[in-house]
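Q: Have a look at the structure that comes next, please.
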Amino acid sequence: MEMTKIFFVAMCFVTPSVVTGITNSSLARSSISHTEILVRLLIVPRVKNVTVQMKTLYPFITSSDYFYEPLITLGLDLNKDCINQQTRADKLGTLLSQMAVFMAPLNFAFLYEHAQGAASHNRLASVLELTSFFLNDTVSYIRRQLRDKGFSVPDYPIIPEAKLNELTRVYLNTLVQKNLVTLTITNDVMKRYRNYVIIYMLRDVVKEIDPCF
């Protein structure tokens with residue numbers, strides 16, 4: 001119930017002046033869809049906020065380009081785009097699958113930070129929780145759009161937490177073994193970096209879904 005209230009308040013702040021500003025910039029078009037509002041005005045700013053907080057809270061992330069710009073995707077980038085897709089069904093399907101694959105990973109990230117207890121972690125957990133909420137709402141809205149129009153809802157991979165952890169640990173171990181970085185890999189370090197990669201990949205995917213709207 002509380003999350004519903006937060007969503008209502010957030011939507012109320014999407015005023016005509018804000019929409020006009022967006023329309024006059026990179027989002028120029030006759031109208032802005034509900035999905036665009038969710039992604040651009042509610043998800044993107046929080047992804048940026050989380051990224052800043054993580055880099056501050058976990059300084060090792062900025063100690064090397066191998067951390068800061070990860071060479072792994074954790075299977076979260078489905079390599080789908082809408083550039084050559086002509087039908088609305090295909091565009092919506094691609095948008096749904098590209099966003100939906102992040103639902104469980106974002107929840108893993110939130111649960112980890114929430115369990116830490118310290119104030120700095122709680123601030124990060126709070127933004128992660130809202131990011132997850134808006135992402136889930138976006139996916140639900142797109143799914144309804146597909147069903148209401150009689151389109152099929154595409155499948156998307158659900159990546160278990162254990163798999164995300166394994167991929168992250170292998171990557172970090174490889175960097176250390178090749179003397180590319182200096183890092184003591186604990187379970188906490190692995191999960192913190194896993195969470196950073198999740199957010200990093202979400203940021204990249206959001207940038208690539210423009211043609212899907």
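Labels used: A, B, ... for chains in the order of the structure tokens, numbers from 1 for residues in each chain, and numbers from 1 for ligands as shown.
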Pick out the residues sitting within 9 Å of stretch 155-164 of chain A, and hand them over as an MDAnalysis selection string; count only C-alpha atoms, and ignore anything fewer than 5 positions along from it in its own chain.
A: chainID A and resid 74:76 78 93 96:98 100:105 108 169 194
Q: May I have the selected residues written with all heavy atoms, as a CSV table (one decimal), in the first residue's frame?
A:
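Ended up saving to again.csv:
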```csv
chain,number,residue,atom,x,y,z
A,74,LEU,N,26.5,-10.8,-16.9
A,74,LEU,CA,25.7,-11.7,-16.1
A,74,LEU,C,24.4,-12.2,-16.8
A,74,LEU,O,23.5,-12.7,-16.2
A,74,LEU,CB,25.2,-10.9,-14.8
A,74,LEU,CG,26.4,-10.4,-13.9
A,74,LEU,CD1,25.8,-9.7,-12.6
A,74,LEU,CD2,27.3,-11.5,-13.5
A,75,GLY,N,24.5,-12.2,-18.1
A,75,GLY,CA,23.3,-12.7,-18.9
A,75,GLY,C,22.1,-11.8,-18.9
A,75,GLY,O,21.1,-12.1,-19.4
A,76,LEU,N,22.3,-10.5,-18.5
A,76,LEU,CA,21.2,-9.6,-18.4
A,76,LEU,C,21.0,-8.8,-19.7
A,76,LEU,O,19.9,-8.2,-19.8
A,76,LEU,CB,21.5,-8.6,-17.2
A,76,LEU,CG,21.5,-9.3,-15.8
A,76,LEU,CD1,21.9,-8.3,-14.8
A,76,LEU,CD2,20.1,-9.9,-15.5
A,78,LEU,N,20.1,-9.0,-23.2
A,78,LEU,CA,19.6,-10.0,-24.2
A,78,LEU,C,19.9,-9.7,-25.6
A,78,LEU,O,19.6,-10.5,-26.5
A,78,LEU,CB,18.1,-10.1,-24.0
A,78,LEU,CG,17.6,-10.4,-22.6
A,78,LEU,CD1,16.1,-10.5,-22.6
A,78,LEU,CD2,18.2,-11.6,-22.0
A,93,GLY,N,7.2,-6.6,-27.2
A,93,GLY,CA,7.8,-7.8,-26.8
A,93,GLY,C,9.2,-7.7,-26.4
A,93,GLY,O,9.7,-8.2,-25.4
A,96,LEU,N,9.5,-5.6,-23.2
A,96,LEU,CA,9.2,-6.4,-22.0
A,96,LEU,C,10.3,-7.3,-21.6
A,96,LEU,O,10.7,-7.3,-20.4
A,96,LEU,CB,7.9,-7.2,-22.2
A,96,LEU,CG,7.4,-8.0,-21.0
A,96,LEU,CD1,5.9,-8.0,-20.9
A,96,LEU,CD2,7.8,-9.5,-21.1
A,97,SER,N,10.8,-8.1,-22.5
A,97,SER,CA,11.9,-9.0,-22.2
A,97,SER,C,13.1,-8.4,-21.7
A,97,SER,O,13.8,-8.8,-20.7
A,97,SER,CB,12.2,-10.0,-23.3
A,97,SER,OG,12.5,-9.2,-24.5
A,98,GLN,N,13.5,-7.2,-22.3
A,98,GLN,CA,14.7,-6.5,-21.9
A,98,GLN,C,14.6,-6.0,-20.5
A,98,GLN,O,15.6,-5.9,-19.8
A,98,GLN,CB,15.0,-5.4,-22.9
A,98,GLN,CG,15.6,-5.8,-24.2
A,98,GLN,CD,17.1,-6.1,-24.1
A,98,GLN,OE1,17.5,-7.0,-23.3
A,98,GLN,NE2,17.9,-5.5,-25.0
A,100,ALA,N,12.2,-7.1,-18.1
A,100,ALA,CA,11.7,-8.1,-17.2
A,100,ALA,C,12.9,-9.0,-16.6
A,100,ALA,O,12.8,-9.4,-15.5
A,100,ALA,CB,10.7,-9.1,-17.8
A,101,VAL,N,13.9,-9.1,-17.4
A,101,VAL,CA,15.1,-10.0,-17.0
A,101,VAL,C,15.7,-9.4,-15.8
A,101,VAL,O,16.4,-10.0,-15.0
A,101,VAL,CB,16.1,-10.1,-18.2
A,101,VAL,CG1,16.8,-8.9,-18.4
A,101,VAL,CG2,17.0,-11.3,-17.9
A,102,PHE,N,15.5,-8.1,-15.5
A,102,PHE,CA,16.1,-7.4,-14.3
A,102,PHE,C,15.3,-7.5,-13.1
A,102,PHE,O,15.8,-7.1,-12.0
A,102,PHE,CB,16.4,-5.9,-14.7
A,102,PHE,CG,17.6,-5.7,-15.6
A,102,PHE,CD1,17.4,-5.6,-17.0
A,102,PHE,CD2,18.8,-5.6,-15.1
A,102,PHE,CE1,18.4,-5.4,-17.8
A,102,PHE,CE2,19.9,-5.4,-15.9
A,102,PHE,CZ,19.7,-5.3,-17.3
A,103,MET,N,14.1,-8.0,-13.1
A,103,MET,CA,13.2,-7.9,-12.0
A,103,MET,C,13.8,-8.7,-10.8
A,103,MET,O,13.9,-8.1,-9.7
A,103,MET,CB,11.8,-8.5,-12.3
A,103,MET,CG,11.0,-7.6,-13.2
A,103,MET,SD,9.3,-8.0,-13.3
A,103,MET,CE,9.3,-9.7,-13.9
A,104,ALA,N,14.2,-10.0,-11.0
A,104,ALA,CA,14.7,-10.7,-9.9
A,104,ALA,C,16.1,-10.2,-9.4
A,104,ALA,O,16.3,-10.0,-8.2
A,104,ALA,CB,14.8,-12.2,-10.2
A,105,PRO,N,17.0,-9.9,-10.3
A,105,PRO,CA,18.3,-9.4,-9.9
A,105,PRO,C,18.2,-8.1,-9.1
A,105,PRO,O,19.0,-7.9,-8.1
A,105,PRO,CB,19.0,-9.1,-11.2
A,105,PRO,CG,18.5,-10.1,-12.2
A,105,PRO,CD,17.0,-10.2,-11.8
A,108,PHE,N,17.3,-9.0,-5.6
A,108,PHE,CA,18.5,-9.6,-4.9
A,108,PHE,C,19.4,-8.4,-4.4
A,108,PHE,O,19.8,-8.5,-3.2
A,108,PHE,CB,19.4,-10.5,-5.9
A,108,PHE,CG,18.6,-11.6,-6.5
A,108,PHE,CD1,19.0,-12.1,-7.7
A,108,PHE,CD2,17.6,-12.3,-5.8
A,108,PHE,CE1,18.4,-13.2,-8.3
A,108,PHE,CE2,17.0,-13.4,-6.3
A,108,PHE,CZ,17.3,-13.8,-7.6
A,169,ARG,N,31.8,-14.1,-9.2
A,169,ARG,CA,33.0,-14.6,-8.5
A,169,ARG,C,34.1,-15.1,-9.5
A,169,ARG,O,35.3,-14.8,-9.3
A,169,ARG,CB,32.6,-15.8,-7.6
A,169,ARG,CG,33.8,-16.2,-6.7
A,169,ARG,CD,33.3,-17.3,-5.7
A,169,ARG,NE,32.3,-16.8,-4.8
A,169,ARG,CZ,32.6,-16.2,-3.7
A,169,ARG,NH1,33.9,-15.9,-3.4
A,169,ARG,NH2,31.6,-15.8,-2.8
A,194,ARG,N,28.5,-7.7,-7.7
A,194,ARG,CA,27.3,-8.2,-8.5
A,194,ARG,C,26.2,-7.2,-8.6
A,194,ARG,O,25.7,-7.0,-9.7
A,194,ARG,CB,26.8,-9.5,-7.8
A,194,ARG,CG,25.5,-10.1,-8.4
A,194,ARG,CD,24.7,-10.9,-7.4
A,194,ARG,NE,24.2,-10.1,-6.3
A,194,ARG,CZ,23.6,-10.5,-5.3
A,194,ARG,NH1,23.5,-11.8,-5.0
A,194,ARG,NH2,23.0,-9.7,-4.4
```
Q: Contacts of A:Thr186 at 12 Å or less, counting only C-alpha atoms, minus same-chain residues fewer than 3 places along, as a PyMOL selection string?
A: chain A and resi 165+168-169+172-173+183+189-193
Q: Which one of A:Ser63, A:Ser132, A:Ser33, A:Gln53 sits closest to A:Leu202 if you count only C-alpha atoms?
A: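 Under the stated criterion, the closest residue is A:Ser132.
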Q: Just asking: which residues within stretch 61-185 of chain A are alpha helix (DSSP H) according to DSSP, as a count of residues only?
A: 78
Q: Using atom CA of A:Arg40 and atom CA of A:Asp210 as the two end points, give the distance in Å to one decimal.
A: 10.1 Å
Q: So which residues touch A:Leu128 within 9 Å, counting only C-alpha atoms, skipping near sequence neighbours fewer than 3 positions away, as a PDB file with all heavy atoms, in the first residue's frame?
A:
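The new file out35.pdb reads:
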```pdb
ATOM      1  N   ARG A  46      16.782   7.035 -10.805  1.00  0.00           N
ATOM      2  CA  ARG A  46      17.123   6.191  -9.654  1.00  0.00           C
ATOM      3  C   ARG A  46      18.302   5.273  -9.966  1.00  0.00           C
ATOM      4  O   ARG A  46      19.103   4.963  -9.076  1.00  0.00           O
ATOM      5  CB  ARG A  46      15.890   5.416  -9.201  1.00  0.00           C
ATOM      6  CG  ARG A  46      14.930   6.319  -8.453  1.00  0.00           C
ATOM      7  CD  ARG A  46      13.538   5.762  -8.269  1.00  0.00           C
ATOM      8  NE  ARG A  46      12.742   6.750  -7.524  1.00  0.00           N
ATOM      9  CZ  ARG A  46      12.188   7.823  -8.076  1.00  0.00           C
ATOM     10  NH1 ARG A  46      12.306   8.033  -9.381  1.00  0.00           N
ATOM     11  NH2 ARG A  46      11.511   8.687  -7.351  1.00  0.00           N
ATOM     12  N   VAL A  47      18.410   4.837 -11.200  1.00  0.00           N
ATOM     13  CA  VAL A  47      19.581   4.056 -11.602  1.00  0.00           C
ATOM     14  C   VAL A  47      20.844   4.907 -11.447  1.00  0.00           C
ATOM     15  O   VAL A  47      21.871   4.441 -10.951  1.00  0.00           O
ATOM     16  CB  VAL A  47      19.427   3.559 -13.051  1.00  0.00           C
ATOM     17  CG1 VAL A  47      20.753   2.998 -13.577  1.00  0.00           C
ATOM     18  CG2 VAL A  47      18.341   2.480 -13.129  1.00  0.00           C
ATOM     19  N   VAL A  50      21.567   5.245  -7.677  1.00  0.00           N
ATOM     20  CA  VAL A  50      22.147   4.017  -7.131  1.00  0.00           C
ATOM     21  C   VAL A  50      23.616   3.901  -7.532  1.00  0.00           C
ATOM     22  O   VAL A  50      24.470   3.536  -6.716  1.00  0.00           O
ATOM     23  CB  VAL A  50      21.361   2.783  -7.620  1.00  0.00           C
ATOM     24  CG1 VAL A  50      22.133   1.497  -7.315  1.00  0.00           C
ATOM     25  CG2 VAL A  50      19.987   2.730  -6.959  1.00  0.00           C
ATOM     26  N   LEU A 106      17.330  -7.170  -9.471  1.00  0.00           N
ATOM     27  CA  LEU A 106      17.179  -5.943  -8.679  1.00  0.00           C
ATOM     28  C   LEU A 106      16.686  -6.260  -7.276  1.00  0.00           C
ATOM     29  O   LEU A 106      17.101  -5.626  -6.305  1.00  0.00           O
ATOM     30  CB  LEU A 106      16.197  -4.987  -9.368  1.00  0.00           C
ATOM     31  CG  LEU A 106      16.784  -3.947 -10.319  1.00  0.00           C
ATOM     32  CD1 LEU A 106      15.672  -3.066 -10.867  1.00  0.00           C
ATOM     33  CD2 LEU A 106      17.844  -3.095  -9.642  1.00  0.00           C
ATOM     34  N   ASN A 107      15.827  -7.245  -7.171  1.00  0.00           N
ATOM     35  CA  ASN A 107      15.339  -7.639  -5.850  1.00  0.00           C
ATOM     36  C   ASN A 107      16.463  -8.242  -5.017  1.00  0.00           C
ATOM     37  O   ASN A 107      16.558  -7.990  -3.808  1.00  0.00           O
ATOM     38  CB  ASN A 107      14.190  -8.637  -5.981  1.00  0.00           C
ATOM     39  CG  ASN A 107      13.504  -8.909  -4.654  1.00  0.00           C
ATOM     40  OD1 ASN A 107      13.080  -7.993  -3.957  1.00  0.00           O
ATOM     41  ND2 ASN A 107      13.395 -10.174  -4.286  1.00  0.00           N
ATOM     42  N   ALA A 109      19.582  -7.424  -5.217  1.00  0.00           N
ATOM     43  CA  ALA A 109      20.407  -6.292  -4.797  1.00  0.00           C
ATOM     44  C   ALA A 109      19.770  -5.562  -3.617  1.00  0.00           C
ATOM     45  O   ALA A 109      20.448  -5.215  -2.642  1.00  0.00           O
ATOM     46  CB  ALA A 109      20.613  -5.328  -5.970  1.00  0.00           C
ATOM     47  N   PHE A 110      18.464  -5.337  -3.703  1.00  0.00           N
ATOM     48  CA  PHE A 110      17.753  -4.666  -2.602  1.00  0.00           C
ATOM     49  C   PHE A 110      17.848  -5.472  -1.315  1.00  0.00           C
ATOM     50  O   PHE A 110      18.156  -4.929  -0.246  1.00  0.00           O
ATOM     51  CB  PHE A 110      16.287  -4.444  -2.971  1.00  0.00           C
ATOM     52  CG  PHE A 110      15.400  -4.240  -1.781  1.00  0.00           C
ATOM     53  CD1 PHE A 110      15.493  -3.092  -1.004  1.00  0.00           C
ATOM     54  CD2 PHE A 110      14.486  -5.223  -1.403  1.00  0.00           C
ATOM     55  CE1 PHE A 110      14.698  -2.912   0.119  1.00  0.00           C
ATOM     56  CE2 PHE A 110      13.685  -5.051  -0.288  1.00  0.00           C
ATOM     57  CZ  PHE A 110      13.792  -3.895   0.478  1.00  0.00           C
ATOM     58  N   GLU A 113      21.326  -5.187   0.383  1.00  0.00           N
ATOM     59  CA  GLU A 113      21.583  -3.898   1.037  1.00  0.00           C
ATOM     60  C   GLU A 113      20.678  -3.704   2.245  1.00  0.00           C
ATOM     61  O   GLU A 113      21.109  -3.167   3.272  1.00  0.00           O
ATOM     62  CB  GLU A 113      21.386  -2.750   0.036  1.00  0.00           C
ATOM     63  CG  GLU A 113      22.375  -2.745  -1.109  1.00  0.00           C
ATOM     64  CD  GLU A 113      23.809  -2.552  -0.653  1.00  0.00           C
ATOM     65  OE1 GLU A 113      24.021  -2.064   0.477  1.00  0.00           O
ATOM     66  OE2 GLU A 113      24.725  -2.877  -1.431  1.00  0.00           O
ATOM     67  N   ARG A 123      19.957   3.770   2.907  1.00  0.00           N
ATOM     68  CA  ARG A 123      19.661   4.760   1.863  1.00  0.00           C
ATOM     69  C   ARG A 123      19.745   4.124   0.477  1.00  0.00           C
ATOM     70  O   ARG A 123      18.889   4.354  -0.378  1.00  0.00           O
ATOM     71  CB  ARG A 123      20.631   5.935   1.972  1.00  0.00           C
ATOM     72  CG  ARG A 123      20.365   6.870   3.151  1.00  0.00           C
ATOM     73  CD  ARG A 123      21.150   8.155   3.025  1.00  0.00           C
ATOM     74  NE  ARG A 123      22.587   7.936   3.122  1.00  0.00           N
ATOM     75  CZ  ARG A 123      23.261   7.923   4.265  1.00  0.00           C
ATOM     76  NH1 ARG A 123      22.632   8.111   5.417  1.00  0.00           N
ATOM     77  NH2 ARG A 123      24.573   7.719   4.273  1.00  0.00           N
ATOM     78  N   LEU A 124      20.776   3.319   0.286  1.00  0.00           N
ATOM     79  CA  LEU A 124      20.933   2.631  -0.987  1.00  0.00           C
ATOM     80  C   LEU A 124      19.804   1.631  -1.194  1.00  0.00           C
ATOM     81  O   LEU A 124      19.235   1.534  -2.296  1.00  0.00           O
ATOM     82  CB  LEU A 124      22.292   1.927  -1.029  1.00  0.00           C
ATOM     83  CG  LEU A 124      22.605   1.103  -2.285  1.00  0.00           C
ATOM     84  CD1 LEU A 124      22.468   1.950  -3.543  1.00  0.00           C
ATOM     85  CD2 LEU A 124      24.022   0.523  -2.181  1.00  0.00           C
ATOM     86  N   ALA A 125      19.454   0.910  -0.139  1.00  0.00           N
ATOM     87  CA  ALA A 125      18.368  -0.072  -0.237  1.00  0.00           C
ATOM     88  C   ALA A 125      17.049   0.595  -0.597  1.00  0.00           C
ATOM     89  O   ALA A 125      16.256   0.053  -1.380  1.00  0.00           O
ATOM     90  CB  ALA A 125      18.230  -0.834   1.087  1.00  0.00           C
ATOM     91  N   THR A 131      13.452   1.589  -7.369  1.00  0.00           N
ATOM     92  CA  THR A 131      13.824   1.227  -8.737  1.00  0.00           C
ATOM     93  C   THR A 131      13.173  -0.095  -9.122  1.00  0.00           C
ATOM     94  O   THR A 131      12.615  -0.238 -10.213  1.00  0.00           O
ATOM     95  CB  THR A 131      15.351   1.108  -8.880  1.00  0.00           C
ATOM     96  OG1 THR A 131      15.976   2.292  -8.384  1.00  0.00           O
ATOM     97  CG2 THR A 131      15.745   0.885 -10.325  1.00  0.00           C
ATOM     98  N   SER A 132      13.239  -1.056  -8.215  1.00  0.00           N
ATOM     99  CA  SER A 132      12.622  -2.357  -8.447  1.00  0.00           C
ATOM    100  C   SER A 132      11.112  -2.236  -8.611  1.00  0.00           C
ATOM    101  O   SER A 132      10.511  -2.851  -9.498  1.00  0.00           O
ATOM    102  CB  SER A 132      12.951  -3.305  -7.280  1.00  0.00           C
ATOM    103  OG  SER A 132      12.336  -4.549  -7.457  1.00  0.00           O
ATOM    104  N   PHE A 133      10.501  -1.413  -7.776  1.00  0.00           N
ATOM    105  CA  PHE A 133       9.053  -1.215  -7.837  1.00  0.00           C
ATOM    106  C   PHE A 133       8.636  -0.649  -9.193  1.00  0.00           C
ATOM    107  O   PHE A 133       7.706  -1.140  -9.847  1.00  0.00           O
ATOM    108  CB  PHE A 133       8.610  -0.285  -6.712  1.00  0.00           C
ATOM    109  CG  PHE A 133       7.163   0.127  -6.804  1.00  0.00           C
ATOM    110  CD1 PHE A 133       6.151  -0.734  -6.416  1.00  0.00           C
ATOM    111  CD2 PHE A 133       6.820   1.374  -7.295  1.00  0.00           C
ATOM    112  CE1 PHE A 133       4.814  -0.357  -6.515  1.00  0.00           C
ATOM    113  CE2 PHE A 133       5.490   1.759  -7.392  1.00  0.00           C
ATOM    114  CZ  PHE A 133       4.481   0.889  -7.001  1.00  0.00           C
TER     115      PHE A 133
END
```
